[in-house]
Every structure is written in structure tokens, then in C-alpha cells.
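Only one structure is covered here, and it is reproduced in the block below.
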Amino acid sequence: MVTLSETTPSSATATRLTSMAWIGLDDTDSVDGGCTTWDFHLLLTHLEDGGFRVVGYPNLVRLWPFAPERTRGNAALSAELLTDSSTSNLADVLEDWFNNQYITNKSTENVVGSESACPVLVFTETRFPEEWYWNAVRKYVNPNDRLKDVTAVSSAIIWTKKDGKMSSNLARGLVGASSAIAWRGENDCTWEATAWRIPKNIGSRRQVPSALVGSMSDKFPKTILNRDPNAGDSLITPRTPCPVLYGIRAEENAVAEQAHNWLQSNEDVEAAIAMRVHRSNQATDDHIKETCYGIVISKVREVKGGHASLHVFDGQKHCTLVAFKQGGEVNRLLKSLLVGDLVEWRGLTSPNNEIHLESLMCTEGVPRTLSRPNCKCGRKLCRQGIGQPLRCEQCGNTQESVWVSTRFGSIKQWVEPLCSNRRHLAKPLNRQAKG
Ligand SMILES: [Zn+2]
């Protein structure tokens with residue numbers, strides 16, 4: 001099937017039909033999503049050299065952080081392609097590339113992790129339904145169910161290792177690759193300029209001085225999440241020995257590219273071998289459906305290591321809220337809550353049904369410490385005994401026996417972990433969605 005591009009004149013004057021297709025790639029490396037970006041860049045470059053054109057920007061999509069056997073990053077990539085030739089030609093090119101990259105010649109440029117990876121490449125002429133993305137970013141998707149869904153799309157082709165035979169293990173990457181194609185990002189999106197290292201540098205310390213990342217953040221205010229605002233540390237370089245040199249996140253595609261060019265113009269920064277700007281769901285909070293609220297109904301339980309949890313009632317059911325030590329302010333606020341406090345939260349329900357908090361706010365607090373009021377003279381009034389009024393020892397003044405309470409200080413203020421401890425998907429409190 002050949003689809004007419006919306007931007008192509010459909011009149012008889014059009015000399016050629018322009019075919020549109022989607023490709024998605026996932027799980028080329030089991031340690032960090034970063035290497036999938038490199039492989040996908042190699043693939044897109046190969047396609048561009050062969051006369052195909054990437055429409056707009058490739059997509060870097062993060063998915064459900066609790067997906068089994070996946071790391072925190074859980075990233076997949078996709079792109080829309082435009083071709084003057086037939087899509088069957090494109091499928092042939094993809095097949096050759098996949099076989100060359102992962103089956104016959106996997107050691108040449110695919111430096112890290114290819115042994116344990118189960119790469120999946122997907123091609124389709126019909127874009128997958130958006131619902132596939134929302135399912136995969138918010139909950140568990142059974143790989144075999146997704147395999148059935150993809151194979152039901154007549155134009156779809158899947159390549160994996162082992163001669164295309166899909167075990168459930170191999171189908172794992174299919175969830176990511178197909179969901180990356182299904183992502184629209186019309187509600188919100190961000191951008192990332194991903195730069196890769198010259199092969200001989202891979203494994204060595206990345207030369208990207210923190211001070212320069214700080215200057216970059218100041219010079220390009222529309223870059224985001226590039227340094228820890230408190231510690232001042234750079235957050236753009238990965239911690240794994242993967243081919244990624246750095247990823248600069250930004251609210252605008254042009255800014256991401258400009259910031260990269262500015263960094264590269266500085267001789268103290270390691271030279272990149274290549275760079276590509278990706279459209280992304282990072283920092284959009286797509287993984288969390290809604291803000292919830294309820295009342296605290298248990299004391300805080302603190303376990304070794306500083307992790308804390310308590311129970312709340314949300315009007316319908318009891319929930320367990322969990323804040324890990326790395327949660328910083330979220331952990332501190334949770335530990336200061338008392339039975340009766342009203343709270344709002346955003347979090348992710350874990351496979352064992354606890355809610356892992358990503359942000360938290362106390363909207364109303366029960367009275368904290370109870371004490372006796374002060375006398376007119378400023379001294380504290382003292383209790384004398386049962387049925388007796390309070391009395392000031394300084395001036396002898398007496399007053400009816402009452403208690404006064406202090407209010408809870410941390411009211412109506414959302415808190416979040418430091419950005420170095422947040423998920424890629426987490427939307428910073430100070431970020432506005434674009435939608
Ligand atoms: Zn007094």
C-alpha cells in the first residue's frame with residue numbers, strides 16, 4: 001500500500017507518488033537506552049545516504065519505568081520517513097542494515113552490549129494507534145499481546161535476531177519500538193540534542209566540564225535539566241560507558257542544537273563524532289495519569305536506608321505512599337506527616353501496588369505541637385492543677401485553661417526530588433506543558 005503524503009500535491013502534475021513509512025528501534029543495548037540512539041543514528045544516516053528523508057525529527061521515547069528487565073531509562077526510538085522509491089525498497093534496505101548490524105557484522109561499530117541485547121526493528125506504512133503509546137508509558141504491556149497487535153497491521157514488518165523467530169524475550173523490544181512509533185506528543189514534548197563520541201574515546205572519562213555546562217545553561221535559558229541547581233553538577237553526560245557523549249535537553253529544537261554548537265565550539269569540550277536532535281516525551285509526566293489526593297491514616301513507617309511509607313485513604317481505597325531516601329524533599333515531607341493531614345501526590349503504582357511518589361504536597365495539616373498561651377506580659381502561662389485557671393508566675397495574671405497549637409509549616413507547596421534523582425519522564429514542578 002502506498003500512502004499519499006499530505007504535503008504532496010495530489011494533482012496529475014505530481015511526478016511521483018511519495019511514500020510515507022514509520023520505523024521504530026528498541027533494545028539494542030540492555031544497559032542503557034543511550035546506545036539505541038547511536039544505532040538509530042547509524043540507521044538514519046544510512047537511509048539518508050540512500051535517498052530517504054527523515055520527516056521532521058526522530059523521536060526519543062521513554063516508557064514505563066517498571067517494565068520488567070528494563071533499566072530506569074527504558075528508551076526507544078522512531079522516525080517517519082519519506083521516500084521517492086517504493087516502500088518495499090525501503091523494507092529491503094532495512095533488512096540488509098539489520099542483518100549487517102546485528103547478525104553478520106555486529107562488532108564493527110556497535111561497540112557495547114550487543115551480546116545481551118535483543119534488538120527489534122519495526123517498519124510500518126500505517127502509523128500505530130496512539131493508545132499503544134499511552135498503555136506502554138503508564139503500565140505493563142504483555143509483549144505477546146503487542147506482537148499480535150503489530151502483526152495484525154498488514155504493512156508491518158518486524159526484524160529480530162534468531163531469524164525473526166520471536167520468543168517472548170525478543171518480543172520485549174517490540175513493545176518499545178512500536179510504542180515509539182505510536183507516540184504523537186501533541187499534548188506535550190521536549191527536545192534533546194544527543195551527541196556521540198569518537199569510537200576511540202568510548203570508555204574513557206567524558207571531557208565535558210561542569211562549569212561550561214553551567215555557562216551553557218545561563219546562555220541558553222530554554223535548555224532544561226542540564227545541571228543540578230543546588231550542587232551545580234552537570235547532568236548531561238551519562239554514567240555508563242556507552243557511545244553517548246552528552247544529551248542536551250531543551251524546550252525548543254533550535255535551542256538544543258545551538259547549545260550543542262556552542263559547547264562544541266569550546267576547545268575544552270570533547271569533540272563529538274555526530275549529533276542529532278530528537279523530539280522526546282522526557283520531562284512531560286506522561287507516565288502519570290493524574291494528581292491524587294487523600295487523608296493520612298497511619299503513622300510513617302521508616303525502614304533501614306531512610307525509605308519511608310505511610311497509608312492514606314483517597315475516598316475509595318487505602319493506598320501506600322512510598323518515598324525513597326533519594327526522593328530528598330519528598331522523603332522529608334512524607335516523614336513529617338501526621339494522621340489526619342490532607343495530601344496531594346503524583347506517583348507511579350509499582351507492581352506490588354505501592355505508590356512511588358514523584359511529587360507531594362500537604363494541603364491541610366492537623367495541629368502540630370500543643371502548648372499553653374502566653375500572658376499579656378510575654379511570659380508563658382502555667383498550669384496549676386485540675387480545674388484551676390492558668391497563671392503567670394511573673395505578674396500573677398490568671399486565664400482560662402486552654403491549649404494553643406502551631407500550624408504545620410509545609411503547607412500548599414509541592415516538593416520534588418533533585419533533578420539528578422528524578423526519572424527521565426518526570427516533569428519538573430517549574431515546567432509548563434506545551435499542550
Ligand atoms: Zn504575666
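In the C-alpha cells, chains take the letters A, B, ... in the order shown, each chain's residues start at 1, and ligands count up from 1 in the order shown.
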- May I have the residues within 8 Å of ligand 1, computed using only C-alpha atoms and all ligand atoms, as a PyMOL selection string? chain A and resi 374-381+391-397
- Item | Among listed residues A:Asn144, A:Asn135, A:Gln384, A:Asn99, nearest A:Lys289 (using only C-alpha atoms) | A:Asn135
- In terms of the shortest atom-to-atom distance over only C-alpha atoms, which of A:Thr284, A:Thr406, A:Gln207, A:Gln316 is closest to A:Glu270? A:Gln207
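Within stretch 154-231 of chain A, the backbone-based DSSP assignment of strand (DSSP E) covers Ile157, Ile158, Trp159, Thr190, Trp191, Glu192, Ala193, Thr194, Ala195, Trp196, Arg197, Thr223 and Ile224 of chain A.
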Just N, CA and C atoms for this one: save the residues we selected as an mmCIF file, in the first residue's frame.
```cif
data_model
loop_
_atom_site.group_PDB
_atom_site.id
_atom_site.type_symbol
_atom_site.label_atom_id
_atom_site.label_comp_id
_atom_site.auth_asym_id
_atom_site.auth_seq_id
_atom_site.Cartn_x
_atom_site.Cartn_y
_atom_site.Cartn_z
ATOM 1 N N ILE A 157 6.364 -4.924 9.381
ATOM 2 C CA ILE A 157 7.412 -5.943 9.301
ATOM 3 C C ILE A 157 8.279 -5.800 10.555
ATOM 4 N N ILE A 158 8.629 -6.934 11.157
ATOM 5 C CA ILE A 158 9.454 -6.933 12.374
ATOM 6 C C ILE A 158 10.740 -7.700 12.093
ATOM 7 N N TRP A 159 11.860 -7.101 12.480
ATOM 8 C CA TRP A 159 13.126 -7.834 12.407
ATOM 9 C C TRP A 159 13.682 -8.023 13.807
ATOM 10 N N THR A 190 9.409 17.609 24.594
ATOM 11 C CA THR A 190 10.641 18.388 24.773
ATOM 12 C C THR A 190 11.616 17.937 23.687
ATOM 13 N N TRP A 191 12.824 18.448 23.730
ATOM 14 C CA TRP A 191 13.819 18.131 22.696
ATOM 15 C C TRP A 191 15.119 17.717 23.346
ATOM 16 N N GLU A 192 15.862 16.875 22.651
ATOM 17 C CA GLU A 192 17.198 16.535 23.145
ATOM 18 C C GLU A 192 18.181 16.483 21.985
ATOM 19 N N ALA A 193 19.262 17.256 22.125
ATOM 20 C CA ALA A 193 20.368 17.154 21.169
ATOM 21 C C ALA A 193 21.301 16.086 21.723
ATOM 22 N N THR A 194 21.352 14.938 21.057
ATOM 23 C CA THR A 194 22.194 13.842 21.516
ATOM 24 C C THR A 194 23.472 13.841 20.692
ATOM 25 N N ALA A 195 24.617 13.889 21.373
ATOM 26 C CA ALA A 195 25.911 13.878 20.677
ATOM 27 C C ALA A 195 26.645 12.598 21.049
ATOM 28 N N TRP A 196 27.355 12.021 20.072
ATOM 29 C CA TRP A 196 28.045 10.740 20.306
ATOM 30 C C TRP A 196 29.560 10.899 20.239
ATOM 31 N N ARG A 197 30.245 9.929 20.822
ATOM 32 C CA ARG A 197 31.698 10.021 20.967
ATOM 33 C C ARG A 197 32.442 9.387 19.791
ATOM 34 N N THR A 223 17.275 25.683 27.611
ATOM 35 C CA THR A 223 17.725 24.316 27.868
ATOM 36 C C THR A 223 17.230 23.953 29.262
ATOM 37 N N ILE A 224 16.943 22.672 29.485
ATOM 38 C CA ILE A 224 16.394 22.256 30.787
ATOM 39 C C ILE A 224 17.126 21.029 31.316
#
```
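Nearest-residue note for A:Gly327: choosing from A:His311, A:Arg279, A:His356, A:His260, the minimum distance belongs to A:His356, counting only C-alpha atoms.
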- Message: Can you tell me which residues surround A:Leu263 at a distance of at most 10 Å, considering only C-alpha atoms, apart from same-chain residues fewer than 4 positions away, and format the answer as a PyMOL selection string?
- Response: chain A and resi 208-209+212-213+215-216+257-259+267-271
- Message: List as a ChimeraX atom specification the protein and nucleic acid residues near A:Val330, meaning an atom at most 9 Å away when only C-alpha atoms are counted, but skip any in the same chain fewer than 3 places from it.
- Response: /A:323-327,333-335,357-361,414-417
Store the residues picked out above in a file with C-alpha atoms, as a PDB file, in the first residue's frame.
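See result_3.pdb below for the written result:
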```pdb
ATOM      1  CA  ALA A 323       9.255   7.919  49.316  1.00  0.00           C
ATOM      2  CA  PHE A 324      12.795   6.704  48.884  1.00  0.00           C
ATOM      3  CA  LYS A 325      15.732   8.402  50.517  1.00  0.00           C
ATOM      4  CA  GLN A 326      16.822   9.685  47.082  1.00  0.00           C
ATOM      5  CA  GLY A 327      13.468  11.491  46.976  1.00  0.00           C
ATOM      6  CA  LEU A 333       7.876  15.905  53.775  1.00  0.00           C
ATOM      7  CA  LEU A 334       6.423  12.385  53.920  1.00  0.00           C
ATOM      8  CA  LYS A 335       8.311  11.698  57.158  1.00  0.00           C
ATOM      9  CA  LEU A 357       5.949   9.239  44.975  1.00  0.00           C
ATOM     10  CA  GLU A 358       7.365  11.653  42.417  1.00  0.00           C
ATOM     11  CA  SER A 359       5.907  14.794  43.992  1.00  0.00           C
ATOM     12  CA  LEU A 360       3.952  15.552  47.139  1.00  0.00           C
ATOM     13  CA  MET A 361       2.089  18.402  48.820  1.00  0.00           C
ATOM     14  CA  TRP A 414       4.689  20.905  46.014  1.00  0.00           C
ATOM     15  CA  VAL A 415       8.046  19.240  46.542  1.00  0.00           C
ATOM     16  CA  GLU A 416      10.058  17.008  44.183  1.00  0.00           C
ATOM     17  CA  PRO A 417      13.400  15.193  44.289  1.00  0.00           C
TER      18      PRO A 417
END
```
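You can rank A:Glu252, A:Gly214, A:Phe66, A:Tyr246 by their closest distance to A:Ala231 using only C-alpha atoms, and at the top of that list sits A:Gly214.
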- Query: So which residues touch A:Glu95 within 12 Å, counting only C-alpha atoms, skipping near sequence neighbours fewer than 2 positions away, as a PyMOL selection string?
  - Reply: chain A and resi 23+43+47+88-93+97-104+120-123+157-161+163-164
Just N, CA and C atoms for this one: save the residues we selected as a tab-separated table (two decimals), in the first residue's frame.
```tsv
chain	number	residue	atom	x	y	z
A	23	ILE	N	9.48	3.85	11.11
A	23	ILE	CA	10.34	2.80	11.65
A	23	ILE	C	10.56	3.04	13.14
A	43	LEU	N	21.46	4.06	11.55
A	43	LEU	CA	20.43	3.62	10.61
A	43	LEU	C	19.89	4.80	9.79
A	47	LEU	N	20.06	5.49	5.79
A	47	LEU	CA	18.87	5.71	4.96
A	47	LEU	C	18.96	7.03	4.20
A	88	SER	N	8.65	-1.01	-0.51
A	88	SER	CA	9.24	-2.35	-0.46
A	88	SER	C	10.75	-2.25	-0.60
A	89	ASN	N	11.20	-1.24	-1.35
A	89	ASN	CA	12.64	-0.98	-1.43
A	89	ASN	C	13.18	-0.60	-0.06
A	90	LEU	N	12.44	0.24	0.64
A	90	LEU	CA	12.85	0.65	1.98
A	90	LEU	C	12.96	-0.57	2.90
A	91	ALA	N	11.97	-1.45	2.81
A	91	ALA	CA	11.99	-2.65	3.65
A	91	ALA	C	13.23	-3.49	3.37
A	92	ASP	N	13.62	-3.57	2.10
A	92	ASP	CA	14.85	-4.32	1.75
A	92	ASP	C	16.08	-3.69	2.37
A	93	VAL	N	16.12	-2.36	2.30
A	93	VAL	CA	17.28	-1.65	2.87
A	93	VAL	C	17.34	-1.88	4.38
A	97	TRP	N	20.33	-3.69	6.49
A	97	TRP	CA	21.00	-2.97	7.57
A	97	TRP	C	20.93	-3.76	8.87
A	98	PHE	N	19.75	-4.28	9.18
A	98	PHE	CA	19.56	-5.00	10.44
A	98	PHE	C	20.46	-6.24	10.48
A	99	ASN	N	20.48	-6.98	9.41
A	99	ASN	CA	21.30	-8.19	9.37
A	99	ASN	C	22.78	-7.86	9.50
A	100	ASN	N	23.18	-6.80	8.81
A	100	ASN	CA	24.57	-6.40	8.85
A	100	ASN	C	24.97	-5.90	10.24
A	101	GLN	N	24.09	-5.15	10.86
A	101	GLN	CA	24.39	-4.53	12.15
A	101	GLN	C	24.38	-5.54	13.31
A	102	TYR	N	23.42	-6.43	13.30
A	102	TYR	CA	23.22	-7.26	14.49
A	102	TYR	C	23.47	-8.75	14.27
A	103	ILE	N	23.53	-9.18	13.04
A	103	ILE	CA	23.67	-10.61	12.85
A	103	ILE	C	25.01	-10.99	12.23
A	104	THR	N	25.35	-10.40	11.07
A	104	THR	CA	26.60	-10.82	10.44
A	104	THR	C	27.80	-10.02	10.88
A	120	VAL	N	15.13	-5.00	18.20
A	120	VAL	CA	13.92	-5.17	17.40
A	120	VAL	C	13.76	-3.93	16.53
A	121	LEU	N	13.61	-4.16	15.25
A	121	LEU	CA	13.35	-3.07	14.30
A	121	LEU	C	11.97	-3.32	13.69
A	122	VAL	N	11.16	-2.27	13.66
A	122	VAL	CA	9.80	-2.38	13.12
A	122	VAL	C	9.61	-1.39	12.00
A	123	PHE	N	8.90	-1.82	10.99
A	123	PHE	CA	8.55	-0.95	9.86
A	123	PHE	C	7.05	-1.02	9.67
A	157	ILE	N	6.36	-4.92	9.38
A	157	ILE	CA	7.41	-5.94	9.30
A	157	ILE	C	8.28	-5.80	10.55
A	158	ILE	N	8.63	-6.93	11.16
A	158	ILE	CA	9.45	-6.93	12.37
A	158	ILE	C	10.74	-7.70	12.09
A	159	TRP	N	11.86	-7.10	12.48
A	159	TRP	CA	13.13	-7.83	12.41
A	159	TRP	C	13.68	-8.02	13.81
A	160	THR	N	14.12	-9.23	14.10
A	160	THR	CA	14.79	-9.50	15.37
A	160	THR	C	15.95	-10.45	15.09
A	161	LYS	N	16.68	-10.78	16.13
A	161	LYS	CA	17.72	-11.80	15.96
A	161	LYS	C	17.04	-13.17	15.86
A	163	ASP	N	16.71	-15.29	13.26
A	163	ASP	CA	15.94	-15.48	12.04
A	163	ASP	C	14.49	-15.02	12.16
A	164	GLY	N	14.29	-14.00	12.95
A	164	GLY	CA	12.95	-13.43	13.03
A	164	GLY	C	11.98	-14.21	13.88
```
- Query: Which of these residues is nearest to A:Leu174, using only C-alpha atoms: A:Pro367, A:Gly203, A:Pro58, A:Pro143?
  - Reply: A:Pro143
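With only C-alpha atoms as the basis for measurement, A:Thr83 is the residue among A:Thr83, A:Cys292, A:His318, A:Thr36 that approaches A:Gly50 most closely.
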- Message: Could you list, as a PyMOL selection string, every residue within 9 Å of A:Asp27, counting only C-alpha atoms and ignoring same-chain residues fewer than 6 positions away?
- Response: chain A and resi 33+35-36+74-76+117-120+172-174+176-177
Those residues you just picked out, can you put them in a file as a compact mmCIF listing (two decimals), in the first residue's frame with N, CA and C atoms?
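Ended up saving to selection_39.txt:
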```txt
# COMPACT_ATOMS: atom_id res chain seq x y z
N GLY A 33 19.63 3.12 27.46
CA GLY A 33 18.96 3.48 26.22
C GLY A 33 19.85 4.26 25.28
N CYS A 35 22.63 3.74 23.88
CA CYS A 35 23.22 3.08 22.73
C CYS A 35 22.21 2.88 21.61
N THR A 36 20.95 2.76 21.97
CA THR A 36 19.93 2.66 20.94
C THR A 36 19.91 3.95 20.12
N ASN A 74 14.73 3.09 29.99
CA ASN A 74 13.73 2.48 29.12
C ASN A 74 13.35 3.35 27.91
N ALA A 75 14.29 3.52 27.00
CA ALA A 75 14.09 4.39 25.85
C ALA A 75 13.95 3.60 24.55
N ALA A 76 13.16 4.13 23.63
CA ALA A 76 13.05 3.55 22.29
C ALA A 76 13.03 4.70 21.29
N ALA A 117 21.79 -7.91 24.19
CA ALA A 117 20.65 -7.14 23.69
C ALA A 117 19.78 -7.98 22.76
N CYS A 118 18.53 -7.59 22.67
CA CYS A 118 17.61 -8.26 21.75
C CYS A 118 17.00 -7.20 20.85
N PRO A 119 17.77 -6.72 19.88
CA PRO A 119 17.28 -5.60 19.08
C PRO A 119 16.03 -5.96 18.28
N VAL A 120 15.13 -5.00 18.20
CA VAL A 120 13.92 -5.17 17.40
C VAL A 120 13.76 -3.93 16.53
N ARG A 172 10.02 -8.40 23.74
CA ARG A 172 10.16 -7.30 24.69
C ARG A 172 10.48 -5.97 24.00
N GLY A 173 11.46 -5.99 23.12
CA GLY A 173 11.84 -4.77 22.43
C GLY A 173 10.77 -4.26 21.49
N LEU A 174 9.88 -5.15 21.11
CA LEU A 174 8.80 -4.75 20.20
C LEU A 174 7.85 -3.77 20.88
N GLY A 176 8.62 -1.46 22.98
CA GLY A 176 9.25 -0.15 22.89
C GLY A 176 9.23 0.40 21.47
N ALA A 177 9.66 -0.41 20.52
CA ALA A 177 9.77 0.06 19.13
C ALA A 177 8.41 0.47 18.57
```
- Task: Excluding A:Asn353 and residues on its chain fewer than 4 positions from it, collect all residues at most 12 Å away from it, counting only C-alpha atoms, and give them as a ChimeraX atom specification.
- Result: /A:66,139,318-322,347-349
Would you save the residues of that selection, restricted to C-alpha atoms, as a short mmCIF file (atom, residue, chain, number, x, y, z; two decimals), in the first residue's frame?
```cif
data_model
loop_
_atom_site.label_atom_id
_atom_site.label_comp_id
_atom_site.auth_asym_id
_atom_site.auth_seq_id
_atom_site.Cartn_x
_atom_site.Cartn_y
_atom_site.Cartn_z
CA PHE A 66 8.74 -0.52 35.98
CA LYS A 139 1.58 0.30 32.63
CA HIS A 318 -6.33 2.64 51.14
CA CYS A 319 -3.07 3.36 49.35
CA THR A 320 0.55 3.02 50.44
CA LEU A 321 2.70 6.02 49.62
CA VAL A 322 6.44 5.36 49.42
CA GLY A 347 3.34 8.92 41.66
CA LEU A 348 3.69 5.64 39.89
CA THR A 349 2.00 2.46 41.09
#
```
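Atom CA of A:Phe40 sits 10.2 Å away from atom CA of A:Arg276.
Between atom CA of A:Phe128 and atom CA of A:Asp84 there is a distance of 22.2 Å.
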- Just the helix (DSSP H, G or I) stuff from stretch 116-299 of chain A, please, per backbone DSSP, written as number ranges by chain. A: 130-138, 143-151, 162-164, 168-182, 199-201, 210-219, 253-264
